[in-house]
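Peer 1: target_10.txt (compact mmCIF, C-alpha atoms) pasted underneath:
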# COMPACT_ATOMS: atom_id res chain seq x y z
CA MET A 1 0.00 0.00 0.00
CA ASN A 2 1.23 3.42 -0.92
CA THR A 3 1.41 5.32 2.34
CA THR A 4 1.57 8.76 0.76
CA ARG A 5 -1.58 8.05 -1.15
CA ARG A 6 -3.30 6.96 2.05
CA THR A 7 -2.34 10.21 3.77
CA VAL A 8 -3.59 12.17 0.81
CA LEU A 9 -6.88 10.29 0.80
CA LYS A 10 -7.33 10.94 4.48
CA GLY A 11 -6.52 14.61 4.09
CA ALA A 12 -8.68 15.20 1.07
CA THR A 13 -12.06 16.20 2.44
CA ALA A 14 -13.40 17.26 -0.91
CA SER A 15 -13.09 14.94 -3.89
CA GLY A 16 -12.10 17.99 -5.88
CA VAL A 17 -8.79 18.07 -4.07
CA LEU A 18 -8.11 14.51 -5.15
CA ALA A 19 -9.12 15.19 -8.73
CA GLY A 20 -6.81 18.17 -8.73
CA LEU A 21 -3.93 16.02 -7.55
CA ILE A 22 -4.60 13.46 -10.24
CA ALA A 23 -4.72 16.17 -12.87
CA ALA A 24 -1.50 17.62 -11.54
CA GLY A 25 0.14 14.24 -11.85
CA ALA A 26 0.87 13.95 -8.15
CA LEU A 27 -1.14 10.76 -8.10
CA ARG A 28 -0.81 8.51 -11.07
CA PRO A 29 -4.32 7.38 -12.01
CA THR A 30 -2.94 4.16 -13.55
CA GLN A 31 -2.15 3.00 -10.05
CA VAL A 32 -5.61 3.75 -8.80
CA LEU A 33 -7.63 2.30 -11.63
CA ALA A 34 -6.82 -0.28 -14.24
CA ALA A 35 -8.03 0.13 -17.78
CA ASP A 36 -11.79 -0.07 -18.19
CA TRP A 37 -13.17 -3.56 -18.60
CA ASN A 38 -13.99 -4.17 -22.24
CA LYS A 39 -17.64 -5.13 -21.78
CA ALA A 40 -18.43 -5.38 -25.48
CA ALA A 41 -15.67 -7.91 -26.08
CA PHE A 42 -16.33 -9.99 -22.96
CA ASP A 43 -20.09 -10.13 -23.48
CA ALA A 44 -19.74 -11.27 -27.08
CA LYS A 45 -21.27 -14.68 -27.67
CA ASP A 46 -19.03 -15.80 -30.50
CA THR A 47 -15.42 -15.44 -31.45
CA SER A 48 -15.85 -13.05 -34.35
CA ALA A 49 -17.91 -10.63 -32.26
CA ALA A 50 -15.37 -10.86 -29.43
CA LEU A 51 -12.54 -10.13 -31.83
CA LYS A 52 -14.46 -7.17 -33.18
CA GLY A 53 -14.80 -5.90 -29.62
CA LEU A 54 -11.05 -6.11 -29.26
CA GLY A 55 -10.60 -4.21 -32.49
CA ALA A 56 -9.19 -7.27 -34.24
CA GLY A 57 -11.23 -7.67 -37.41
CA THR A 58 -8.91 -10.00 -39.28
CA ALA A 59 -6.12 -12.04 -37.78
CA ALA A 60 -3.50 -13.95 -39.75
CA GLU A 61 -2.36 -17.38 -38.59
CA SER A 62 1.18 -17.31 -37.32
CA LYS A 63 3.63 -20.06 -36.41
CA ASP A 64 5.46 -17.64 -34.15
CA LEU A 65 2.52 -17.56 -31.80
CA ILE A 66 2.73 -20.65 -29.65
CA LEU A 67 -0.38 -21.94 -27.91
CA LYS A 68 0.07 -24.80 -25.49
CA VAL A 69 -3.10 -26.58 -24.39
CA PRO A 70 -3.79 -30.20 -23.54
CA ASP A 71 -5.28 -32.38 -26.32
CA ILE A 72 -7.82 -33.77 -23.90
CA ALA A 73 -9.05 -31.98 -20.80
CA GLU A 74 -10.65 -34.33 -18.32
CA ASN A 75 -12.04 -31.47 -16.31
CA GLY A 76 -13.39 -28.54 -18.30
CA ALA A 77 -13.36 -26.36 -15.19
CA VAL A 78 -9.58 -26.21 -15.15
CA VAL A 79 -7.82 -26.23 -18.51
CA PRO A 80 -4.23 -25.00 -18.43
CA VAL A 81 -3.36 -22.62 -21.28
CA ASP A 82 0.06 -21.28 -22.07
CA VAL A 83 0.61 -18.65 -24.77
CA THR A 84 4.00 -17.41 -25.92
CA SER A 85 4.47 -14.96 -28.76
CA ASN A 86 7.73 -14.81 -30.68
CA ILE A 87 6.30 -12.12 -32.93
CA PRO A 88 8.33 -8.91 -32.53
CA ASN A 89 6.56 -6.04 -30.75
CA THR A 90 3.73 -8.14 -29.41
CA SER A 91 1.82 -5.82 -27.13
CA SER A 92 -1.12 -7.92 -26.04
CA ILE A 93 -2.45 -11.47 -26.00
CA ALA A 94 -6.06 -12.59 -25.77
CA ILE A 95 -7.37 -16.10 -25.08
CA LEU A 96 -10.65 -17.20 -26.63
CA VAL A 97 -12.72 -20.38 -26.58
CA ASP A 98 -14.98 -20.76 -29.63
CA LYS A 99 -17.83 -22.66 -28.05
CA ASN A 100 -17.97 -21.12 -24.59
CA PRO A 101 -21.10 -19.07 -23.78
CA THR A 102 -18.89 -16.00 -24.00
CA ALA A 103 -15.91 -16.54 -26.26
CA LEU A 104 -13.33 -14.23 -24.70
CA SER A 105 -11.62 -15.60 -21.58
CA ALA A 106 -8.93 -13.06 -20.89
CA MET A 107 -6.67 -10.49 -22.45
CA PHE A 108 -3.36 -9.12 -21.25
CA THR A 109 -1.39 -6.06 -22.27
CA PHE A 110 2.34 -6.08 -21.72
CA ALA A 111 4.72 -3.16 -21.08
CA ASN A 112 7.98 -2.18 -19.42
CA GLY A 113 9.92 -5.36 -20.09
CA ALA A 114 7.12 -7.90 -19.70
CA LEU A 115 7.54 -10.73 -22.18
CA PRO A 116 4.48 -11.65 -24.28
CA ASP A 117 4.08 -14.88 -22.38
CA VAL A 118 1.15 -15.82 -20.20
CA SER A 119 -0.16 -18.95 -18.56
CA ALA A 120 -3.63 -19.25 -17.09
CA ARG A 121 -6.29 -21.79 -16.26
CA ILE A 122 -9.59 -21.45 -18.09
CA LYS A 123 -13.02 -23.04 -18.08
CA MET A 124 -14.42 -24.82 -21.11
CA GLY A 125 -18.06 -25.85 -21.48
CA GLN A 126 -17.42 -28.41 -24.20
CA THR A 127 -14.91 -29.60 -26.78
CA SER A 128 -13.87 -26.55 -28.75
CA LEU A 129 -11.14 -24.71 -30.54
CA VAL A 130 -9.03 -22.57 -28.23
CA LYS A 131 -7.58 -19.48 -29.85
CA ALA A 132 -4.77 -17.20 -28.87
CA VAL A 133 -4.79 -13.80 -30.52
CA ALA A 134 -1.72 -11.59 -30.33
CA LYS A 135 -1.47 -7.95 -31.28
CA ALA A 136 1.83 -6.74 -32.70
CA GLY A 137 1.91 -3.18 -33.98
CA ASP A 138 -1.39 -2.71 -35.81
CA LYS A 139 -1.68 -6.34 -36.84
CA PHE A 140 -3.33 -9.31 -35.22
CA TYR A 141 -2.16 -12.90 -35.31
CA VAL A 142 -3.93 -16.05 -34.27
CA ALA A 143 -3.01 -19.58 -33.24
CA GLN A 144 -5.61 -22.25 -32.53
CA LYS A 145 -5.87 -25.77 -31.25
CA GLU A 146 -8.73 -28.08 -30.37
CA VAL A 147 -9.19 -29.29 -26.82
CA LYS A 148 -11.46 -32.26 -26.17
CA VAL A 149 -13.43 -31.81 -22.98
CA THR A 150 -14.87 -34.86 -21.26
CA VAL A 151 -16.62 -33.03 -18.38
CA GLY A 152 -17.80 -29.46 -18.97
CA GLY A 153 -16.88 -26.71 -16.57
CA CYS A 154 -19.51 -24.08 -17.16
CA GLY A 155 -22.86 -25.50 -16.12
CA GLY A 156 -24.23 -27.01 -12.92
CA MET B 1 -12.14 -8.84 1.90
CA ALA B 2 -11.03 -11.69 -0.22
CA ASP B 3 -8.28 -14.11 0.64
CA PRO B 4 -4.72 -12.91 0.14
CA MET B 5 -2.98 -13.77 -3.10
CA LYS B 6 0.07 -15.93 -3.24
CA ILE B 7 2.71 -14.26 -5.37
CA ARG B 8 6.04 -15.73 -6.30
CA ALA B 9 8.59 -13.79 -8.34
CA GLN B 10 11.86 -15.45 -9.13
CA MET B 11 14.80 -14.57 -11.35
CA LYS B 12 15.70 -17.30 -13.85
CA GLY B 13 18.74 -15.95 -15.67
CA ASP B 14 17.73 -12.46 -16.81
CA VAL B 15 14.04 -13.26 -16.87
CA ALA B 16 11.82 -12.85 -13.85
CA GLU B 17 9.01 -15.39 -13.56
CA ILE B 18 5.95 -14.16 -11.74
CA ARG B 19 3.31 -16.60 -10.60
CA ILE B 20 0.12 -15.50 -8.92
CA LEU B 21 -2.55 -17.54 -7.19
CA MET B 22 -5.74 -15.64 -6.39
CA GLY B 23 -8.51 -16.83 -4.14
CA HIS B 24 -11.78 -16.13 -5.91
CA ALA B 25 -14.99 -18.04 -6.60
CA MET B 26 -15.17 -16.90 -10.25
CA GLU B 27 -18.91 -17.58 -10.61
CA THR B 28 -19.98 -17.57 -14.24
CA GLY B 29 -23.59 -16.59 -13.65
CA GLN B 30 -24.71 -19.80 -15.37
CA ARG B 31 -24.46 -22.25 -12.53
CA LYS B 32 -27.55 -23.16 -10.50
CA ASP B 33 -27.53 -23.92 -6.80
CA ALA B 34 -29.27 -26.89 -5.15
CA ALA B 35 -32.58 -25.01 -5.08
CA GLY B 36 -32.40 -24.30 -8.80
CA ASN B 37 -31.66 -20.61 -8.45
CA THR B 38 -29.03 -19.14 -10.71
CA VAL B 39 -25.90 -18.17 -8.81
CA PRO B 40 -25.13 -14.58 -9.81
CA ALA B 41 -21.93 -13.90 -11.71
CA HIS B 42 -19.02 -12.89 -9.52
CA PHE B 43 -15.64 -12.79 -11.20
CA ILE B 44 -12.41 -10.86 -11.43
CA GLN B 45 -12.47 -8.29 -14.22
CA THR B 46 -9.17 -6.48 -14.11
CA ILE B 47 -5.69 -7.45 -12.99
CA THR B 48 -2.64 -5.25 -12.86
CA ILE B 49 0.97 -6.08 -12.06
CA ASP B 50 3.54 -3.42 -11.20
CA VAL B 51 7.19 -4.33 -10.80
CA GLY B 52 9.65 -1.81 -9.43
CA GLY B 53 6.98 0.89 -9.64
CA LYS B 54 6.25 0.31 -13.33
CA ARG B 55 3.11 -1.15 -14.83
CA VAL B 56 4.12 -4.43 -16.44
CA VAL B 57 0.89 -6.29 -17.13
CA ASP B 58 -2.62 -4.96 -17.55
CA GLY B 59 -5.12 -7.77 -17.77
CA GLN B 60 -8.85 -8.14 -18.24
CA THR B 61 -10.60 -11.38 -17.49
CA GLY B 62 -14.04 -12.81 -18.15
CA THR B 63 -16.08 -15.54 -16.52
CA ALA B 64 -14.16 -18.31 -18.29
CA ILE B 65 -11.18 -18.12 -15.95
CA SER B 66 -11.06 -21.04 -13.52
CA ARG B 67 -11.99 -20.76 -9.87
CA ASN B 68 -9.00 -19.65 -7.76
CA PRO B 69 -7.16 -18.30 -10.80
CA VAL B 70 -3.50 -18.95 -11.41
CA PHE B 71 -1.51 -16.76 -13.77
CA GLY B 72 2.09 -16.89 -14.87
CA PHE B 73 4.03 -14.05 -16.49
CA LYS B 74 7.62 -13.39 -17.49
CA MET B 75 9.53 -10.15 -17.69
CA LYS B 76 12.96 -8.79 -18.49
CA GLY B 77 14.61 -5.89 -16.73
CA ALA B 78 13.61 -6.84 -13.20
CA LYS B 79 16.19 -7.38 -10.49
CA VAL B 80 16.30 -9.13 -7.16
CA GLY B 81 14.62 -7.00 -4.51
CA ASP B 82 12.19 -5.27 -6.88
CA LYS B 83 8.75 -4.93 -5.43
CA VAL B 84 5.92 -6.76 -7.21
CA VAL B 85 2.46 -5.32 -6.63
CA VAL B 86 -0.55 -7.24 -7.91
CA ASN B 87 -4.06 -5.85 -7.84
CA TRP B 88 -7.41 -7.22 -8.94
CA VAL B 89 -10.94 -5.85 -9.04
CA ASP B 90 -14.05 -7.96 -9.56
CA ASN B 91 -17.48 -7.18 -11.03
CA LYS B 92 -18.92 -6.40 -7.59
CA GLY B 93 -16.22 -3.87 -6.84
CA ASP B 94 -14.31 -6.11 -4.42
CA LYS B 95 -10.60 -5.67 -4.72
CA ARG B 96 -7.36 -6.93 -3.35
CA THR B 97 -3.76 -5.75 -3.54
CA ASP B 98 -0.80 -7.87 -2.48
CA GLU B 99 2.93 -7.48 -2.69
CA ALA B 100 6.00 -9.65 -3.01
CA THR B 101 9.65 -9.08 -3.80
CA VAL B 102 11.63 -10.55 -6.67
CA ALA B 103 13.90 -13.31 -5.35
Write out the structure in this file as structure tokens.

Peer 2:
Amino acid sequence: MNTTRRTVLKGATASGVLAGLIAAGALRPTQVLAADWNKAAFDAKDTSAALKGLGAGTAAESKDLILKVPDIAENGAVVPVDVTSNIPNTSSIAILVDKNPTALSAMFTFANGALPDVSARIKMGQTSLVKAVAKAGDKFYVAQKEVKVTVGGCGG
Amino acid sequence: MADPMKIRAQMKGDVAEIRILMGHAMETGQRKDAAGNTVPAHFIQTITIDVGGKRVVDGQTGTAISRNPVFGFKMKGAKVGDKVVVNWVDNKGDKRTDEATVA
């Protein structure tokens, strides 16, 4: 916890004071709030709509984008996914599952030395293609692989 | 307040590996309880990681992340002793911030 910020919060009786500090750059808003949640992309029911929400209309397949998923997932509630991009200047990676009720699982933006490499555990309702979409510069790249699910992880 | 996160940050050569375990139910909003009522969605929406005072990863997650999420990231330019600050916020406004140091 940032102690200076706490003192400032305590001292600021009017929210205007705080807003003024943020405007003045004394408090960096990036540390207070993360980027807004992309509701349009996360609410999208299918992959193409989710990609549109991310601003990725067309994505080219790339061998430099490596998606590691199991061939068969016994438990759809926990499917390990590992995405590594060897595409230069990759700035963000998104993970999508074609046949999930909402296609987009997660997206990550990298900066300040972070490598475009992420591992996560996702839920899958049924056997489906899993897609990794990477953004490098203005272009989007995709890698995909099918995961067979024996027990779904989305319903009751 | 949610359970504390477990954060491990370790240098492997010149790359720091950061692993985070969060304690969260990650309800999809599609599951029904024993009485047949839909369990409302409750899931982490945003995740941020700062290392050494710099924003390194900015993440957004949907309902399709597993319960008690685990994430792994890698970064260059970190050094032993750098502070790692991880923060998440869920769709109900609950949040949690935890820290670790790069070892």

Peer 1: In terms of the shortest atom-to-atom distance over all atoms listed in the file, which of B:Thr46, B:Val51, B:Ile18, B:Thr63 is closest to Arg31 (chain B)?

Peer 2: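 For Arg31 (chain B), the nearest of the candidates is B:Thr63.
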
Peer 1: To one decimal place in Å, what is the distance between CA of Ile66 (chain A) and CA of Asn68 (chain B)?

Peer 2: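 According to the coordinates, CA of Ile66 (chain A) and CA of Asn68 (chain B) are separated by 24.9 Å.
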
Peer 1: Using only C-alpha atoms, determine which residues lie at most 9 Å from region 86-91 of chain A, disregarding the query and same-chain residues fewer than 5 positions distant; provide the list as a ChimeraX atom specification.

Peer 2: /A:62-66,108-111,115-116,134-137,141

Peer 1: With all atoms listed in the file as the counted atoms, please give the residues lying no more than 8 Å from Asp3 (chain B), apart from itself and same-chain residues fewer than 6 positions off, as a list in words.

Peer 2: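 So the residues in contact are Met22, Gly23 and His24 of chain B.
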
Peer 1: Using only C-alpha atoms, I'd like every residue of chain A that has an atom within 7 Å of chain B; please write them out as a VMD selection string.

Peer 2: chain A and resid 34 37 42 77 to 78 104 to 115 117 to 123 154 to 156

Peer 1: Rounded to one decimal place, report the CA of Val86 (chain B)-CA of Ala9 (chain B) distance in Å.

Peer 2: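 Pair CA of Val86 (chain B) / CA of Ala9 (chain B) returns 11.3 Å.
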
Peer 1: Report the distance between CA of Ala50 (chain A) and CA of Met26 (chain B) in Å, rounded to one decimal place.

Peer 2: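 A separation of 20.1 Å between them.
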
Peer 1: May I have the residues within 8 Å of Met11 (chain B) as an MDAnalysis selection string, using only C-alpha atoms and disregarding those fewer than 6 positions away in the same chain?

Peer 2: chainID B and resid 17 79:80 102:103

Peer 1: Is it possible to get the axis-aligned box enclosing region 74-84 of chain A (all listed atoms, 3 Å extra per side) as lines of an AutoDock Vina configuration file, with centre and edge lengths in Å rounded to one decimal?

Peer 2:
center_x = -4.7
center_y = -25.9
center_z = -20.5
size_x = 23.4
size_y = 22.9
size_z = 16.8

Peer 1: Complete region 79-102 of chain B at the level of N, CA, C and O atoms, written as a tab-separated table (two decimals), keeping the file's coordinate frame.

Peer 2:
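What follows is the written file rebuild.tsv:
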chain	number	residue	atom	x	y	z
B	79	LYS	N	15.03	-6.91	-11.25
B	79	LYS	CA	16.19	-7.38	-10.49
B	79	LYS	C	15.76	-7.84	-9.11
B	79	LYS	O	14.66	-7.49	-8.64
B	80	VAL	N	16.61	-8.61	-8.48
B	80	VAL	CA	16.30	-9.13	-7.16
B	80	VAL	C	16.02	-7.97	-6.21
B	80	VAL	O	16.76	-6.98	-6.20
B	81	GLY	N	14.96	-8.07	-5.46
B	81	GLY	CA	14.62	-7.00	-4.51
B	81	GLY	C	13.55	-6.07	-5.04
B	81	GLY	O	12.98	-5.30	-4.27
B	82	ASP	N	13.26	-6.11	-6.34
B	82	ASP	CA	12.19	-5.27	-6.88
B	82	ASP	C	10.85	-5.68	-6.26
B	82	ASP	O	10.59	-6.85	-6.03
B	83	LYS	N	10.04	-4.66	-6.03
B	83	LYS	CA	8.75	-4.93	-5.43
B	83	LYS	C	7.72	-5.28	-6.51
B	83	LYS	O	7.63	-4.61	-7.54
B	84	VAL	N	6.98	-6.34	-6.29
B	84	VAL	CA	5.92	-6.76	-7.21
B	84	VAL	C	4.59	-6.47	-6.54
B	84	VAL	O	4.33	-6.96	-5.44
B	85	VAL	N	3.77	-5.65	-7.19
B	85	VAL	CA	2.46	-5.32	-6.63
B	85	VAL	C	1.39	-5.82	-7.58
B	85	VAL	O	1.37	-5.45	-8.75
B	86	VAL	N	0.51	-6.69	-7.09
B	86	VAL	CA	-0.55	-7.24	-7.91
B	86	VAL	C	-1.89	-6.77	-7.35
B	86	VAL	O	-2.08	-6.74	-6.14
B	87	ASN	N	-2.77	-6.38	-8.25
B	87	ASN	CA	-4.06	-5.85	-7.84
B	87	ASN	C	-5.15	-6.45	-8.72
B	87	ASN	O	-4.95	-6.62	-9.92
B	88	TRP	N	-6.26	-6.82	-8.12
B	88	TRP	CA	-7.41	-7.22	-8.94
B	88	TRP	C	-8.67	-6.55	-8.44
B	88	TRP	O	-8.77	-6.18	-7.27
B	89	VAL	N	-9.64	-6.41	-9.36
B	89	VAL	CA	-10.94	-5.85	-9.04
B	89	VAL	C	-11.98	-6.75	-9.68
B	89	VAL	O	-11.83	-7.14	-10.84
B	90	ASP	N	-13.04	-7.10	-8.94
B	90	ASP	CA	-14.05	-7.96	-9.56
B	90	ASP	C	-15.30	-7.17	-9.93
B	90	ASP	O	-15.36	-5.95	-9.74
B	91	ASN	N	-16.31	-7.87	-10.49
B	91	ASN	CA	-17.48	-7.18	-11.03
B	91	ASN	C	-18.37	-6.61	-9.94
B	91	ASN	O	-19.27	-5.85	-10.22
B	92	LYS	N	-18.14	-7.00	-8.67
B	92	LYS	CA	-18.92	-6.40	-7.59
B	92	LYS	C	-18.15	-5.28	-6.90
B	92	LYS	O	-18.58	-4.77	-5.86
B	93	GLY	N	-17.00	-4.96	-7.42
B	93	GLY	CA	-16.22	-3.87	-6.84
B	93	GLY	C	-15.28	-4.31	-5.73
B	93	GLY	O	-14.56	-3.49	-5.17
B	94	ASP	N	-15.29	-5.61	-5.39
B	94	ASP	CA	-14.31	-6.11	-4.42
B	94	ASP	C	-12.93	-6.00	-5.04
B	94	ASP	O	-12.77	-6.14	-6.25
B	95	LYS	N	-11.94	-5.75	-4.18
B	95	LYS	CA	-10.60	-5.67	-4.72
B	95	LYS	C	-9.59	-6.16	-3.72
B	95	LYS	O	-9.89	-6.34	-2.54
B	96	ARG	N	-8.40	-6.39	-4.21
B	96	ARG	CA	-7.36	-6.93	-3.35
B	96	ARG	C	-6.02	-6.52	-3.96
B	96	ARG	O	-5.82	-6.58	-5.16
B	97	THR	N	-5.11	-6.08	-3.10
B	97	THR	CA	-3.76	-5.75	-3.54
B	97	THR	C	-2.79	-6.50	-2.65
B	97	THR	O	-2.94	-6.48	-1.43
B	98	ASP	N	-1.82	-7.17	-3.24
B	98	ASP	CA	-0.80	-7.87	-2.48
B	98	ASP	C	0.56	-7.61	-3.09
B	98	ASP	O	0.67	-7.26	-4.27
B	99	GLU	N	1.57	-7.78	-2.24
B	99	GLU	CA	2.93	-7.48	-2.69
B	99	GLU	C	3.86	-8.66	-2.45
B	99	GLU	O	3.63	-9.48	-1.58
B	100	ALA	N	4.93	-8.68	-3.23
B	100	ALA	CA	6.00	-9.65	-3.01
B	100	ALA	C	7.28	-8.99	-3.52
B	100	ALA	O	7.23	-7.91	-4.13
B	101	THR	N	8.40	-9.60	-3.26
B	101	THR	CA	9.65	-9.08	-3.80
B	101	THR	C	10.28	-10.12	-4.70
B	101	THR	O	10.13	-11.32	-4.48
B	102	VAL	N	10.97	-9.65	-5.74
B	102	VAL	CA	11.63	-10.55	-6.67
B	102	VAL	C	12.79	-11.23	-5.94
B	102	VAL	O	13.61	-10.56	-5.31
